$ cat coords-v5.txt   # compact mmCIF, C-alpha atoms
# COMPACT_ATOMS: atom_id res chain seq x y z
CA MET M 1378 71.54 114.20 113.58
CA GLU M 1379 69.97 110.97 114.83
CA LEU M 1380 72.19 108.67 116.90
CA THR M 1381 71.29 105.81 114.54
CA THR M 1382 72.90 107.77 111.70
CA VAL M 1383 75.89 108.64 113.88
CA TRP M 1384 76.52 105.00 114.71
CA PHE M 1385 76.07 103.90 111.13
CA GLY M 1386 78.80 106.39 110.25
CA LEU M 1387 81.02 105.24 113.12
CA ILE M 1388 80.71 101.62 112.00
CA ALA M 1389 81.75 102.73 108.51
CA VAL M 1390 84.80 104.42 110.05
CA LEU M 1391 85.68 101.26 111.98
CA TRP M 1392 85.50 99.11 108.84
CA ALA M 1393 87.51 101.66 106.91
CA GLY M 1394 90.17 101.60 109.64
CA TYR M 1395 90.19 97.81 109.61
CA PHE M 1396 90.65 97.63 105.84
CA LEU M 1397 93.33 100.32 105.98
CA LEU M 1398 95.43 98.63 108.67
CA GLU M 1399 94.66 94.93 108.38
CA GLY M 1400 94.73 95.28 104.60
CA PHE M 1401 98.50 95.56 104.43
CA ASP M 1402 98.79 92.75 107.01
CA PHE M 1403 96.87 90.48 104.67
CA GLY M 1404 98.94 91.68 101.73
CA VAL M 1405 102.19 90.81 103.50
CA GLY M 1406 100.89 87.33 104.31
CA ILE M 1407 99.74 86.74 100.73
CA LEU M 1408 103.12 87.85 99.38
CA LEU M 1409 105.12 85.70 101.79
CA PRO M 1410 105.95 83.00 99.19
CA VAL M 1411 106.42 85.59 96.42
CA LEU M 1412 108.95 87.91 98.04
CA GLY M 1413 110.42 85.58 100.66
CA ARG M 1414 112.97 83.46 98.83
CA ASP M 1415 114.37 81.77 101.94
CA ASP M 1416 113.56 81.46 105.62
CA ARG M 1417 115.51 84.55 106.58
CA GLU M 1418 113.64 86.72 104.09
CA ARG M 1419 110.29 85.27 105.14
CA ARG M 1420 111.12 86.10 108.74
CA LEU M 1421 111.94 89.62 107.63
CA LEU M 1422 108.50 89.95 106.01
CA ILE M 1423 106.75 88.61 109.09
CA ASN M 1424 108.70 90.95 111.35
CA THR M 1425 107.50 94.01 109.42
CA ILE M 1426 104.00 93.38 110.80
CA GLY M 1427 105.00 91.50 113.95
CA PRO M 1428 104.47 94.40 116.39
CA VAL M 1429 101.19 95.63 114.88
CA TRP M 1430 99.13 92.85 113.29
CA ASP M 1431 97.23 91.91 116.47
CA GLY M 1432 96.52 95.56 117.24
CA ASN M 1433 95.12 95.99 113.75
CA GLU M 1434 92.63 93.18 114.37
CA VAL M 1435 91.16 95.18 117.25
CA TRP M 1436 89.36 97.27 114.62
CA LEU M 1437 87.46 94.16 113.51
CA LEU M 1438 86.49 93.29 117.08
CA VAL M 1439 85.28 96.81 117.76
CA ALA M 1440 83.38 96.95 114.46
CA GLY M 1441 81.65 93.68 115.28
CA GLY M 1442 80.92 94.76 118.86
CA ALA M 1443 79.58 98.13 117.74
CA THR M 1444 77.30 96.45 115.21
CA PHE M 1445 76.00 94.03 117.87
CA ALA M 1446 75.28 96.84 120.35
CA ALA M 1447 74.00 99.54 117.98
CA PHE M 1448 72.18 97.39 115.39
CA PRO M 1449 71.44 93.98 116.96
CA GLU M 1450 68.95 93.01 114.25
CA TRP M 1451 71.57 93.66 111.56
CA TYR M 1452 74.14 91.66 113.52
CA ALA M 1453 71.79 88.70 114.00
CA THR M 1454 70.68 88.55 110.37
CA LEU M 1455 74.22 89.02 109.06
CA PHE M 1456 75.79 86.32 111.18
CA SER M 1457 73.00 83.81 110.61
CA GLY M 1458 72.77 84.38 106.86
CA PHE M 1459 76.53 84.61 106.27
CA TYR M 1460 77.37 81.90 108.78
CA LEU M 1461 79.63 79.74 106.58
CA PRO M 1462 81.69 82.57 105.00
CA LEU M 1463 82.17 84.28 108.38
CA LEU M 1464 83.13 80.96 109.95
CA LEU M 1465 85.76 80.46 107.24
CA ILE M 1466 87.10 83.94 107.92
CA LEU M 1467 87.23 83.26 111.66
CA VAL M 1468 89.07 79.95 111.22
CA ALA M 1469 91.52 81.59 108.81
CA LEU M 1470 92.24 84.42 111.26
CA ILE M 1471 92.77 81.94 114.10
CA LEU M 1472 95.20 79.84 112.06
CA ARG M 1473 97.03 82.98 110.95
CA GLY M 1474 97.43 84.26 114.49
CA VAL M 1475 98.62 80.89 115.79
CA ALA M 1476 101.08 80.62 112.89
CA PHE M 1477 102.70 83.95 113.76
CA GLU M 1478 103.32 82.71 117.29
CA TYR M 1479 104.29 79.10 116.59
CA ARG M 1480 106.35 79.41 113.43
CA GLY M 1481 109.57 80.11 115.34
CA LYS M 1482 109.05 77.57 118.09
CA ARG M 1483 111.14 74.95 116.27
CA ASP M 1484 114.14 75.40 114.02
CA ASP M 1485 112.82 72.90 111.48
CA ALA M 1486 112.18 73.63 107.79
CA VAL M 1487 109.08 71.42 107.49
CA TRP M 1488 107.57 72.88 110.65
CA LYS M 1489 108.07 76.43 109.41
CA ARG M 1490 106.78 75.65 105.93
CA ARG M 1491 103.52 74.30 107.32
CA TRP M 1492 102.97 77.42 109.41
CA ASP M 1493 103.84 79.53 106.37
CA TYR M 1494 100.93 77.88 104.54
CA CYS M 1495 98.68 78.88 107.44
CA ILE M 1496 99.86 82.49 107.21
CA ILE M 1497 99.30 82.56 103.45
CA GLY M 1498 95.86 80.92 103.60
CA GLY M 1499 94.90 82.85 106.72
CA SER M 1500 95.61 86.07 104.85
CA LEU M 1501 94.18 85.15 101.44
CA VAL M 1502 90.83 83.75 102.61
CA PRO M 1503 89.70 86.84 104.59
CA ALA M 1504 91.07 89.18 101.91
CA LEU M 1505 88.77 87.48 99.39
CA LEU M 1506 85.71 86.78 101.55
CA TRP M 1507 85.40 90.24 103.12
CA GLY M 1508 84.87 91.64 99.65
CA VAL M 1509 82.32 88.92 98.86
CA ALA M 1510 80.46 89.69 102.10
CA PHE M 1511 80.33 93.44 101.53
CA GLY M 1512 79.38 92.94 97.91
CA ASN M 1513 76.34 90.93 98.99
CA ILE M 1514 75.37 93.45 101.66
CA VAL M 1515 75.38 96.32 99.16
CA ARG M 1516 73.70 94.30 96.39
CA GLY M 1517 70.99 92.96 98.69
CA VAL M 1518 70.19 89.45 99.91
CA ARG M 1519 67.07 87.33 100.22
CA LEU M 1520 65.36 88.59 103.39
CA ASP M 1521 61.77 87.66 104.20
CA ALA M 1522 59.19 89.77 106.05
CA ASP M 1523 60.72 88.74 109.39
CA HIS M 1524 64.15 89.99 108.25
CA GLU M 1525 65.44 86.41 108.13
CA TYR M 1526 67.88 85.31 105.43
CA VAL M 1527 66.14 82.69 103.29
CA GLY M 1528 68.78 82.26 100.57
CA GLY M 1529 71.48 79.63 100.33
CA PHE M 1530 75.26 79.68 100.37
CA PHE M 1531 75.56 79.69 96.58
CA ASP M 1532 73.27 82.73 96.37
CA LEU M 1533 76.17 84.64 97.91
CA LEU M 1534 78.50 83.62 95.08
CA ASN M 1535 77.01 85.95 92.49
CA PRO M 1536 79.15 87.83 89.92
CA TYR M 1537 78.93 91.20 91.69
CA ALA M 1538 79.99 89.80 95.06
CA LEU M 1539 82.78 87.72 93.52
CA LEU M 1540 84.10 90.85 91.80
CA GLY M 1541 83.98 92.53 95.21
CA GLY M 1542 86.10 89.68 96.58
CA LEU M 1543 88.65 90.07 93.80
CA THR M 1544 88.69 93.81 94.50
CA THR M 1545 89.60 93.46 98.17
CA LEU M 1546 92.08 90.70 97.35
CA THR M 1547 93.97 92.77 94.77
CA LEU M 1548 93.81 96.01 96.76
CA PHE M 1549 95.09 94.34 99.94
CA THR M 1550 97.88 92.64 98.01
CA LEU M 1551 98.91 95.94 96.42
CA HIS M 1552 98.64 97.69 99.81
CA GLY M 1553 100.89 95.01 101.32
CA ALA M 1554 103.49 95.31 98.57
CA VAL M 1555 103.60 99.09 99.00
CA PHE M 1556 103.90 98.67 102.77
CA LEU M 1557 106.85 96.30 102.35
CA ALA M 1558 108.56 98.75 100.00
CA LEU M 1559 108.07 101.42 102.66
CA LYS M 1560 109.05 99.26 105.65
CA THR M 1561 112.07 97.34 104.31
CA GLY M 1562 115.42 98.33 102.90
CA GLY M 1563 118.00 96.94 100.51
CA GLU M 1564 117.09 94.33 97.93
CA MET M 1565 113.74 93.52 99.57
CA ARG M 1566 112.67 97.13 99.19
CA GLU M 1567 113.52 97.06 95.48
CA ARG M 1568 111.69 93.78 94.92
CA ALA M 1569 108.59 94.95 96.77
CA GLY M 1570 108.59 98.22 94.83
CA ARG M 1571 108.80 96.46 91.49
CA LEU M 1572 106.01 94.07 92.47
CA ALA M 1573 103.80 96.95 93.62
CA ALA M 1574 104.27 98.65 90.26
CA LEU M 1575 103.18 95.42 88.51
CA LEU M 1576 100.14 94.96 90.75
CA ALA M 1577 98.86 98.52 90.30
CA GLY M 1578 97.44 97.95 86.81
CA PRO M 1579 95.27 94.91 87.65
CA ALA M 1580 94.13 96.61 90.86
CA ILE M 1581 92.93 99.66 88.92
CA ALA M 1582 91.04 97.50 86.41
CA ILE M 1583 89.34 95.25 88.99
CA ALA M 1584 88.58 97.87 91.64
CA GLY M 1585 87.49 100.40 89.02
CA GLY M 1586 85.10 97.88 87.51
CA PHE M 1587 83.58 97.06 90.90
CA LEU M 1588 83.13 100.70 91.91
CA LEU M 1589 81.65 101.56 88.51
CA TRP M 1590 79.20 98.63 88.73
CA THR M 1591 78.16 99.81 92.21
CA ALA M 1592 77.67 103.40 91.12
CA VAL M 1593 75.65 102.45 88.02
CA ASP M 1594 73.37 100.09 89.97
CA HIS M 1595 72.55 102.53 92.78
CA HIS M 1596 72.64 106.00 91.17
CA ASP M 1597 73.81 107.66 94.39
CA PRO M 1598 75.55 111.03 93.74
CA ALA M 1599 77.65 110.86 96.92
CA GLY M 1600 78.60 107.28 96.12
CA TRP M 1601 79.59 108.34 92.60
CA LEU M 1602 81.78 111.12 93.99
CA LEU M 1603 83.54 108.92 96.56
CA SER M 1604 84.07 106.18 94.00
CA ALA M 1605 85.58 108.66 91.55
CA VAL M 1606 87.97 110.03 94.18
CA ALA M 1607 88.90 106.48 95.20
CA ALA M 1608 89.72 105.71 91.56
CA LEU M 1609 91.88 108.83 91.34
CA THR M 1610 93.82 107.96 94.49
CA LEU M 1611 94.41 104.45 93.15
CA ILE M 1612 95.78 105.90 89.92
CA GLY M 1613 97.95 108.17 92.06
CA ALA M 1614 99.23 105.12 93.91
CA ALA M 1615 100.15 103.52 90.59
CA VAL M 1616 102.11 106.61 89.57
CA ALA M 1617 103.86 106.76 92.93
CA THR M 1618 104.92 103.11 92.69
CA GLN M 1619 106.42 103.73 89.25
CA VAL M 1620 108.65 106.53 90.58
CA ARG M 1621 109.39 104.65 93.84
CA ARG M 1622 107.76 107.14 96.19
CA GLU M 1623 106.74 104.56 98.79
CA GLY M 1624 105.33 106.99 101.34
CA TRP M 1625 102.98 108.66 98.86
CA ALA M 1626 102.04 105.29 97.39
CA PHE M 1627 101.10 103.93 100.82
CA LEU M 1628 99.01 107.02 101.60
CA ALA M 1629 97.28 106.63 98.23
CA THR M 1630 96.45 102.93 98.58
CA GLY M 1631 95.25 103.57 102.12
CA ALA M 1632 93.06 106.44 100.94
CA THR M 1633 91.65 104.21 98.19
CA LEU M 1634 90.57 101.58 100.72
CA VAL M 1635 89.04 104.13 103.08
CA LEU M 1636 87.18 105.95 100.30
CA ALA M 1637 85.93 102.69 98.80
CA VAL M 1638 84.47 101.61 102.16
CA PHE M 1639 82.83 105.02 102.60
CA ALA M 1640 81.41 104.80 99.08
CA LEU M 1641 79.82 101.44 99.86
CA PHE M 1642 78.32 102.65 103.15
CA VAL M 1643 77.02 105.87 101.60
CA THR M 1644 75.43 103.83 98.82
CA LEU M 1645 73.91 101.47 101.39
CA PHE M 1646 72.37 104.16 103.64
CA PRO M 1647 69.68 104.25 105.05
CA ASP M 1648 69.59 100.46 104.64
CA VAL M 1649 71.99 98.32 106.60
CA MET M 1650 70.98 95.13 104.80
CA PRO M 1651 68.67 95.53 101.79
CA SER M 1652 66.33 92.74 100.73
CA SER M 1653 66.37 91.53 97.15
CA ILE M 1654 62.86 90.11 97.58
CA ALA M 1655 60.99 93.28 98.59
CA ALA M 1656 62.11 96.70 99.77
CA ALA M 1657 59.75 96.44 102.75
CA ASN M 1658 61.78 93.48 104.03
CA SER M 1659 65.03 95.46 104.18
CA LEU M 1660 66.81 96.21 107.43
CA THR M 1661 67.39 99.93 107.93
CA VAL M 1662 69.15 102.12 110.48
CA ASP M 1663 65.75 102.60 112.13
CA ASN M 1664 64.24 99.12 112.31
CA ALA M 1665 67.56 97.38 113.12
CA SER M 1666 68.82 99.73 115.84
CA SER M 1667 68.98 99.50 119.62
CA THR M 1668 67.07 101.78 121.95
CA PRO M 1669 67.97 105.50 122.10
CA TYR M 1670 69.27 105.04 125.66
CA THR M 1671 71.67 102.28 124.55
CA LEU M 1672 72.98 104.42 121.70
CA LYS M 1673 73.45 107.38 124.06
CA VAL M 1674 75.51 105.33 126.52
CA MET M 1675 77.58 103.89 123.68
CA THR M 1676 78.26 107.37 122.37
CA TRP M 1677 79.69 108.55 125.69
CA VAL M 1678 81.84 105.43 125.99
CA ALA M 1679 83.18 106.00 122.46
CA VAL M 1680 83.93 109.67 123.20
CA VAL M 1681 86.00 108.72 126.26
CA PHE M 1682 87.89 105.65 125.07
CA THR M 1683 88.39 106.14 121.33
CA PRO M 1684 91.10 108.84 121.68
CA ILE M 1685 92.98 106.62 124.13
CA VAL M 1686 92.97 103.66 121.75
CA LEU M 1687 94.00 105.80 118.79
CA ALA M 1688 96.84 107.42 120.77
CA TYR M 1689 98.16 104.04 121.90
CA GLN M 1690 98.05 102.53 118.42
CA GLY M 1691 99.67 105.61 116.93
CA TRP M 1692 102.44 105.38 119.53
CA THR M 1693 103.01 101.73 118.59
CA TYR M 1694 103.50 102.61 114.94
CA TRP M 1695 105.86 105.43 115.88
CA VAL M 1696 108.04 103.16 118.03
CA PHE M 1697 108.36 100.55 115.25
CA ARG M 1698 108.67 103.04 112.38
CA LYS M 1699 112.19 102.19 111.19
CA ARG M 1700 112.95 100.17 108.08
CA LEU M 1701 114.06 96.56 108.41
CA THR M 1702 116.60 94.74 106.27
CA VAL M 1703 117.61 91.12 106.08
CA GLU M 1704 120.75 92.03 108.03
CA HIS M 1705 118.55 92.67 111.07
CA ILE M 1706 117.47 89.02 111.03
CA PRO M 1707 119.91 86.62 112.75
CA THR M 1708 120.96 83.60 110.73
CA SER M 1709 120.13 81.23 113.58
CA PRO M 1710 116.90 82.37 115.24
CA PRO M 1711 116.06 81.35 118.79
CA ALA M 1712 114.03 78.16 118.88
CA THR M 1713 111.50 79.60 121.34
CA ARG M 1714 109.95 82.56 119.54
CA GLU M 1715 109.90 84.43 116.26
CA PRO M 1716 111.97 87.63 116.60
CA VAL M 1717 109.93 90.81 116.66

$ encode --input "coords-v5.txt" --output "structure tokens"
Amino acid sequence: MELTTVWFGLIAVLWAGYFLLEGFDFGVGILLPVLGRDDRERRLLINTIGPVWDGNEVWLLVAGGATFAAFPEWYATLFSGFYLPLLLILVALILRGVAFEYRGKRDDAVWKRRWDYCIIGGSLVPALLWGVAFGNIVRGVRLDADHEYVGGFFDLLNPYALLGGLTTLTLFTLHGAVFLALKTGGEMRERAGRLAALLAGPAIAIAGGFLLWTAVDHHDPAGWLLSAVAALTLIGAAVATQVRREGWAFLATGATLVLAVFALFVTLFPDVMPSSIAAANSLTVDNASSTPYTLKVMTWVAVVFTPIVLAYQGWTYWVFRKRLTVEHIPTSPPATREPV
């Protein structure tokens, strides 16, 4: 197998891992005003992801770095053509990260409410725009013969891409609700479980429509198969939420996200960024890749360090595996830092 194909697959794995882990982070942030009725409950929700949210974002950094090193032409075209949406995502992620750290610095209701808005917006904007971005990549964008993006911002807001944005938004929100039902106890667990059961129906309709549209447009047998399995796991998640089996529901929503990402990448291959103007203008794994020597060095680095990173992140989740309840949250938090 060519190293270009290997790295295309590895980048798909990195994005799947990012959607799997950061997806429930975004869902928790989006649901902050829905499930958090007072400051103590909102602190409980934040604390469920407090030890892991920044580690989850490492997957995005590695995915971006791997794309830059393995497929520099893809990286350059993507970041120049999608400059405004990616800038909005970056600003949202920065505000979200700062909000997690600064929310508990002052015991003031107005102060905390403002940072809560940053957490909500910083979760909602990326959850929507990542789907829009991937929808445009799979659909194809206006690339000229020099592989330069010649479209405008509003060209990215087409119906297919917007449906992709709604898909990631609803799936992440459902994934977050299921995570909260799994991670919390008491009344919060019941509320999160009921909300997850309500969200499952719209998620099936929106995500199913997006995957079906993708499969019909591209006629890729492997993409069809992965999309069908993703739909089945999402239906399984809906059933699990109805019977309050949080562990199975979380595995099912996670599997749905991973399979959906794989379906998009399989459909995309061998292109990395198809052109809607002419097929000859498309970026592929061959004309967008680095030199064979660069890919070989990257492969050895990945073989050595990837198991270490996975072991450390797995250990983190194991240490912070216990359920949290509102009783774990002190009524008067320290003014210096949000409890974790």

$ closest_atom_pairs --input "coords-v5.txt" --of "region 1598-1683 of chain M" --to "region 1526-1546 of chain M" --cutoff "10 Å" --atoms "all atoms listed in the file" --output "JSON lines"
{"residue": "M:Leu1634", "atom": "CA", "partner": "M:Thr1545", "partner_atom": "CA", "distance": 8.6}
{"residue": "M:Ala1637", "atom": "CA", "partner": "M:Thr1545", "partner_atom": "CA", "distance": 10.0}
{"residue": "M:Ser1652", "atom": "CA", "partner": "M:Tyr1526", "partner_atom": "CA", "distance": 8.9}
{"residue": "M:Ile1654", "atom": "CA", "partner": "M:Val1527", "partner_atom": "CA", "distance": 9.9}

$ closest_residue --input "coords-v5.txt" --among "M:Ala1393, M:Leu1641, M:Leu1464, M:Ile1471" --to "Trp1436 (chain M)" --atoms "all atoms listed in the file"
M:Ala1393

$ atom_distance --input "coords-v5.txt" --atom1 "CA of Leu1672 (chain M)" --atom2 "CA of Glu1399 (chain M)"
27.2 Å

$ atom_distance --input "coords-v5.txt" --atom1 "CA of Trp1692 (chain M)" --atom2 "CA of Leu1398 (chain M)"
14.6 Å

$ residues_around --input "coords-v5.txt" --residues "Ala1655 (chain M)" --least-positions-apart "2" --cutoff "9 Å" --atoms "only C-alpha atoms" --output "NGL selection string"
:M and (1519-1522 or 1651-1653 or 1657-1659)

$ residues_around --input "coords-v5.txt" --residues "Gly1553 (chain M)" --least-positions-apart "2" --cutoff "9 Å" --atoms "all atoms listed in the file" --output "number ranges by chain"
M: 1400-1408, 1548-1551, 1555-1558, 1569, 1573, 1627

$ atom_distance --input "coords-v5.txt" --atom1 "CA of Leu1397 (chain M)" --atom2 "CA of Asn1433 (chain M)"
9.1 Å

$ residues_near_point --input "coords-v5.txt" --point "(99.1, 86.8, 114.8)" --cutoff "10 Å" --atoms "all atoms listed in the file" --output "PyMOL selection string"
chain M and resi 1402+1423+1426-1432+1434+1470-1479+1496+1499

$ closest_residue --input "coords-v5.txt" --among "M:Leu1645, M:Ile1466, M:Ala1582, M:Val1502" --to "Asp1594 (chain M)" --atoms "only C-alpha atoms"
M:Leu1645
